[in-house]
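This report concerns only the one structure given below.
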Amino acid sequence: MTRVLHVLDHSLPLHSGYTFRTRAILTAQAAIGLEVRGITGQRHLAEGPDCEQAEGLTFHRTRGSASGPPGLREWREINLLADAIVALAEDWRPDLLHAHSPALCGMAALLAGQRLGLPVVYEIRAFWEDAAVSNGTGSEGSIKYRLTRALENHVVKGAEQVVTICQGLKDDLVRRGVPPAKISLSPNGVDLAMFGAAAQPEPELASQLGLSDGPVIGFIGSFYDYEGLDDLIAAMPLLRQREPAAQLLLVGGGPMEEALHRQASASPAAAAIHFAGRVPHSEVERYYALIDVLAFPRKHSRLTDLVTPLKPLEAMAQGRLVAASDVGGHRELITDGVTGTLFTPDDPAACAAALADLLGNRQDWDNRRAAGRVHVATRHDWAANILRYQDVYQAALTASEFYRIPDVA
């Protein structure tokens with residue numbers, strides 16, 4: 001049985017988009033016959049044992065401390081993780097290392113792979129220098145930005161195979177000179193066996209949240225600036241001019257939470273804007289069931305142009321209508337007028353008009369919902385998408401003059 005060690009920034013039992021994708025990959029790989037484990041670096045901050053079971057998966061932790069000025073501290077993190085990988089490999093003996101961004105994980109995997117004689121697959125979920133810009137923790141063109149980009153390029157060059165979650169990231173790597181044949185796609189997906197049956201609306205939950213009769217626009221996710229939730233709140237008074245009963249439900253939390261609460265309180269549509277706070281992932285289907293249209297008004301940036309989000313796919317899988325800003329990451333997932341509605345980014349008026357048009361065209365809702373569900377089932381179901389890794393692993397093992405991976409499909 002082929003053994004794959006996944007090298008990760010953080011993992012379950014923490015909950016994030018990052019950990020949910022990891023869970024989907026490892027669970028689906030185990031289901032087709034691979035033996036998988038994960039190992040996290042020092043940025044997994046949750047307390048727990050050195051070897052931890054979470055939702056049927058095994059994760060190992062990196063111990064020790066890394067300190068020092070920026071640059072030196074990160075290099076010490078890399079080496080601690082590389083040492084932990086080598087120590088684990090001496091006992092568990094993986095056949096290859098599958099590192100996931102950020103580049104700190106990729107670099108640790110390269111160092112460990114060289115010492116162990118193992119091939120490395122490097123998976124990029126986003127360019128973290130661009131994510132830092134969009135999160136307000138970095139600036140484009142800064143020394144940190146350039147160093148992070150240079151480290152990413154180094155890891156991509158050293159890995160036997162590279163995986164990205166979308167075409168936008170692949171195209172950017174090709175423009176940097178990476179051979180297209182070295183890069184494979186493993187798009188974001190939904191485990192339809194776990195998340196494919198829509199829940200029924202619960203009137204009691206709707207009442208607790210302050211929702212009344214009328215269409216509900218919703219967002220479920222993290223409240224980062226690049227998500228454009230300020231534009232969505234700004235669109236609500238304009239939307240209610242055409243749809244007076246429209247309401248907004250925001251589920252989640254994050255860095256922009258306090259500012260969004262202030263903005264909503266000052267809005268002429270304040271009474272129609274409701275915050276649910278953070279909810280356990282196991283409960284999220286109950287909130288999807290209350291929402292008619294999931295809105296994703298991401299702002300235009302390098303991050304949102306290059307990276308596809310997961311949440312629109314979850315919304316389609318739950319049979320919800322989807323409206324999203326017309327940025328590159330959304331265009332990879334949504335066909336305007338077929339599986340969803342696209343509107344001009346950074347423009348509350350355009351957002352309001354698109355939502356009003358969608359709410360006023362109820363006769364097409366069933367077709368939209370069905371098309372979205374088919375799109376997820378045919379192109380973004382993890383049960384099928386996981387097979388993409390078979391060719392990637394085969395190529396990595398072959399490139400390193402290892403045995404061929406058995407066909408377990």
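Residues in the structure tokens are numbered from 1 in each chain, the chains being A, B, ... in the order shown, and ligands are numbered from 1 in the order shown.
Summary of the local environment: counting only C-alpha atoms, residues at most 7 Å from region 229-244 of chain A, other than itself and those fewer than 6 positions away along its chain, are Leu260, Ala264, Pro268, Ala269, Pro297, Asp346, Asp347, Pro348, Ala349, Cys351, Ala352, Ala353 and Ala356 of chain A.
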>> I need the residues of region 169-342 of chain A that end up classed as alpha helix (DSSP H) by DSSP on the backbone, written out as number ranges by chain.
In response: A: 169-175, 192-195, 203-208, 229-242, 257-266, 284-288, 302-306, 311-317, 328-331
>> Using only C-alpha atoms, can you tell me which of A:Gly136, A:Met256, A:Asp213, A:Glu160 comes closest to Gln114 (chain A)?
In response: A:Glu160
>> Which residues are near Gly277 (chain A)? Cut-off 9 Å, only C-alpha atoms, ignore same chain within fewer than 5 positions. Put them as a PyMOL selection string.
In response: chain A and resi 250-253
Please, which residues in region 67-156 of chain A fall within 12 Å of region 188-191 of chain A when counting only C-alpha atoms, and what is the closest atom pair and distance in Å to one decimal for each, ordered by chain then residue number, as a tab-separated table?
residue	atom	partner	partner_atom	distance
A:Ile124	CA	A:Asn188	CA	11.7
A:Arg125	CA	A:Asn188	CA	9.2
A:Ala126	CA	A:Asn188	CA	11.8
If you count only C-alpha atoms, which residues fall within 10 Å of region 197-200 of chain A, apart from same-chain ones fewer than 2 positions away, as a compact mmCIF listing (two decimals) with N, CA and C atoms, in the first residue's frame?
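What follows is the written file result_15.txt:
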# COMPACT_ATOMS: atom_id res chain seq x y z
N LEU A 192 -19.85 15.30 -1.65
CA LEU A 192 -21.30 15.24 -1.77
C LEU A 192 -21.90 14.17 -0.86
N ALA A 193 -21.11 13.19 -0.47
CA ALA A 193 -21.62 12.19 0.48
C ALA A 193 -21.84 12.81 1.86
N MET A 194 -21.07 13.87 2.17
CA MET A 194 -21.16 14.52 3.47
C MET A 194 -22.00 15.79 3.41
N PHE A 195 -21.96 16.49 2.26
CA PHE A 195 -22.51 17.84 2.20
C PHE A 195 -23.43 18.02 1.00
N GLU A 202 -35.66 25.78 9.14
CA GLU A 202 -36.19 25.65 10.49
C GLU A 202 -36.79 26.99 10.91
N PRO A 203 -38.09 27.10 10.96
CA PRO A 203 -38.72 28.38 11.34
C PRO A 203 -38.24 28.91 12.69
N VAL A 284 -23.66 24.16 9.78
CA VAL A 284 -23.77 25.17 8.74
C VAL A 284 -24.90 24.90 7.76
N GLU A 285 -25.26 23.64 7.54
CA GLU A 285 -26.34 23.32 6.61
C GLU A 285 -27.66 23.93 7.06
N ARG A 286 -27.86 24.07 8.36
CA ARG A 286 -29.08 24.68 8.88
C ARG A 286 -29.20 26.13 8.44
N TYR A 287 -28.08 26.81 8.29
CA TYR A 287 -28.08 28.22 7.90
C TYR A 287 -28.21 28.36 6.38
N TYR A 288 -27.57 27.46 5.64
CA TYR A 288 -27.79 27.46 4.19
C TYR A 288 -29.28 27.33 3.88
N ALA A 289 -29.98 26.53 4.65
CA ALA A 289 -31.39 26.26 4.38
C ALA A 289 -32.26 27.50 4.52
N LEU A 290 -31.79 28.52 5.25
CA LEU A 290 -32.57 29.74 5.46
C LEU A 290 -32.34 30.78 4.37
N ALA A 315 -22.52 26.25 -1.74
CA ALA A 315 -23.86 26.80 -1.93
C ALA A 315 -24.59 26.06 -3.05
N MET A 316 -23.92 25.81 -4.17
CA MET A 316 -24.55 25.08 -5.27
C MET A 316 -24.92 23.66 -4.82
N ALA A 317 -24.02 23.01 -4.07
CA ALA A 317 -24.30 21.66 -3.60
C ALA A 317 -25.53 21.63 -2.70
N GLN A 318 -25.76 22.73 -1.97
CA GLN A 318 -26.91 22.81 -1.09
C GLN A 318 -28.18 23.30 -1.80
N GLY A 319 -28.11 23.46 -3.12
CA GLY A 319 -29.28 23.88 -3.88
C GLY A 319 -29.63 25.34 -3.70
N ARG A 320 -28.63 26.18 -3.41
CA ARG A 320 -28.87 27.60 -3.23
C ARG A 320 -28.50 28.34 -4.52
>> Need to verify the contact set: region 16-21 of chain A, 8 Å, only C-alpha atoms, exclusion of same-chain residues closer than 4 positions in sequence. Can you return it as an MDAnalysis selection string?
In response: chainID A and resid 10:12 25 188:189 310
For those residues, write all heavy atoms to a file as an mmCIF file, in the first residue's frame.
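Generated output (part-v9.cif):
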data_model
loop_
_atom_site.group_PDB
_atom_site.id
_atom_site.type_symbol
_atom_site.label_atom_id
_atom_site.label_comp_id
_atom_site.auth_asym_id
_atom_site.auth_seq_id
_atom_site.Cartn_x
_atom_site.Cartn_y
_atom_site.Cartn_z
ATOM 1 N N HIS A 10 -1.526 23.817 9.060
ATOM 2 C CA HIS A 10 -2.334 23.464 10.221
ATOM 3 C C HIS A 10 -3.371 22.445 9.766
ATOM 4 O O HIS A 10 -3.490 22.164 8.567
ATOM 5 C CB HIS A 10 -2.993 24.693 10.850
ATOM 6 C CG HIS A 10 -3.946 25.436 9.944
ATOM 7 N ND1 HIS A 10 -3.515 26.206 8.876
ATOM 8 C CD2 HIS A 10 -5.296 25.513 9.929
ATOM 9 C CE1 HIS A 10 -4.565 26.733 8.259
ATOM 10 N NE2 HIS A 10 -5.655 26.321 8.872
ATOM 11 N N SER A 11 -4.109 21.883 10.699
ATOM 12 C CA SER A 11 -5.014 20.786 10.339
ATOM 13 C C SER A 11 -6.159 20.698 11.336
ATOM 14 O O SER A 11 -6.222 21.448 12.318
ATOM 15 C CB SER A 11 -4.240 19.456 10.330
ATOM 16 O OG SER A 11 -4.006 19.004 11.657
ATOM 17 N N LEU A 12 -7.057 19.747 11.071
ATOM 18 C CA LEU A 12 -8.033 19.371 12.083
ATOM 19 C C LEU A 12 -7.298 19.039 13.377
ATOM 20 O O LEU A 12 -6.146 18.605 13.327
ATOM 21 C CB LEU A 12 -8.815 18.138 11.614
ATOM 22 C CG LEU A 12 -9.670 18.284 10.355
ATOM 23 C CD1 LEU A 12 -10.213 16.918 9.952
ATOM 24 C CD2 LEU A 12 -10.810 19.259 10.547
ATOM 25 N N ILE A 25 -9.232 15.738 0.971
ATOM 26 C CA ILE A 25 -8.195 15.036 0.225
ATOM 27 C C ILE A 25 -7.799 13.744 0.930
ATOM 28 O O ILE A 25 -7.782 12.658 0.326
ATOM 29 C CB ILE A 25 -6.960 15.941 0.034
ATOM 30 C CG1 ILE A 25 -7.292 17.110 -0.890
ATOM 31 C CG2 ILE A 25 -5.785 15.142 -0.544
ATOM 32 C CD1 ILE A 25 -6.197 18.163 -0.957
ATOM 33 N N ASN A 188 -10.971 22.975 -6.146
ATOM 34 C CA ASN A 188 -11.762 22.862 -4.933
ATOM 35 C C ASN A 188 -12.966 21.988 -5.195
ATOM 36 O O ASN A 188 -13.517 21.956 -6.300
ATOM 37 C CB ASN A 188 -12.236 24.246 -4.465
ATOM 38 C CG ASN A 188 -11.263 24.896 -3.518
ATOM 39 O OD1 ASN A 188 -10.591 24.213 -2.746
ATOM 40 N ND2 ASN A 188 -11.161 26.214 -3.560
ATOM 41 N N GLY A 189 -13.377 21.265 -4.170
ATOM 42 C CA GLY A 189 -14.486 20.346 -4.350
ATOM 43 C C GLY A 189 -15.334 20.237 -3.099
ATOM 44 O O GLY A 189 -15.037 20.816 -2.048
ATOM 45 N N LEU A 310 -14.086 28.175 -2.139
ATOM 46 C CA LEU A 310 -14.856 26.955 -1.947
ATOM 47 C C LEU A 310 -16.346 27.229 -1.751
ATOM 48 O O LEU A 310 -17.201 26.456 -2.189
ATOM 49 C CB LEU A 310 -14.307 26.188 -0.737
ATOM 50 C CG LEU A 310 -15.088 24.949 -0.272
ATOM 51 C CD1 LEU A 310 -15.144 23.899 -1.368
ATOM 52 C CD2 LEU A 310 -14.475 24.393 1.004
#
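Near Leu104 (chain A), within a cut-off of 8 Å and counting only C-alpha atoms, sit the residues A:Glu74, A:Glu77, A:Ile78, with same-chain residues fewer than 5 positions away left out.
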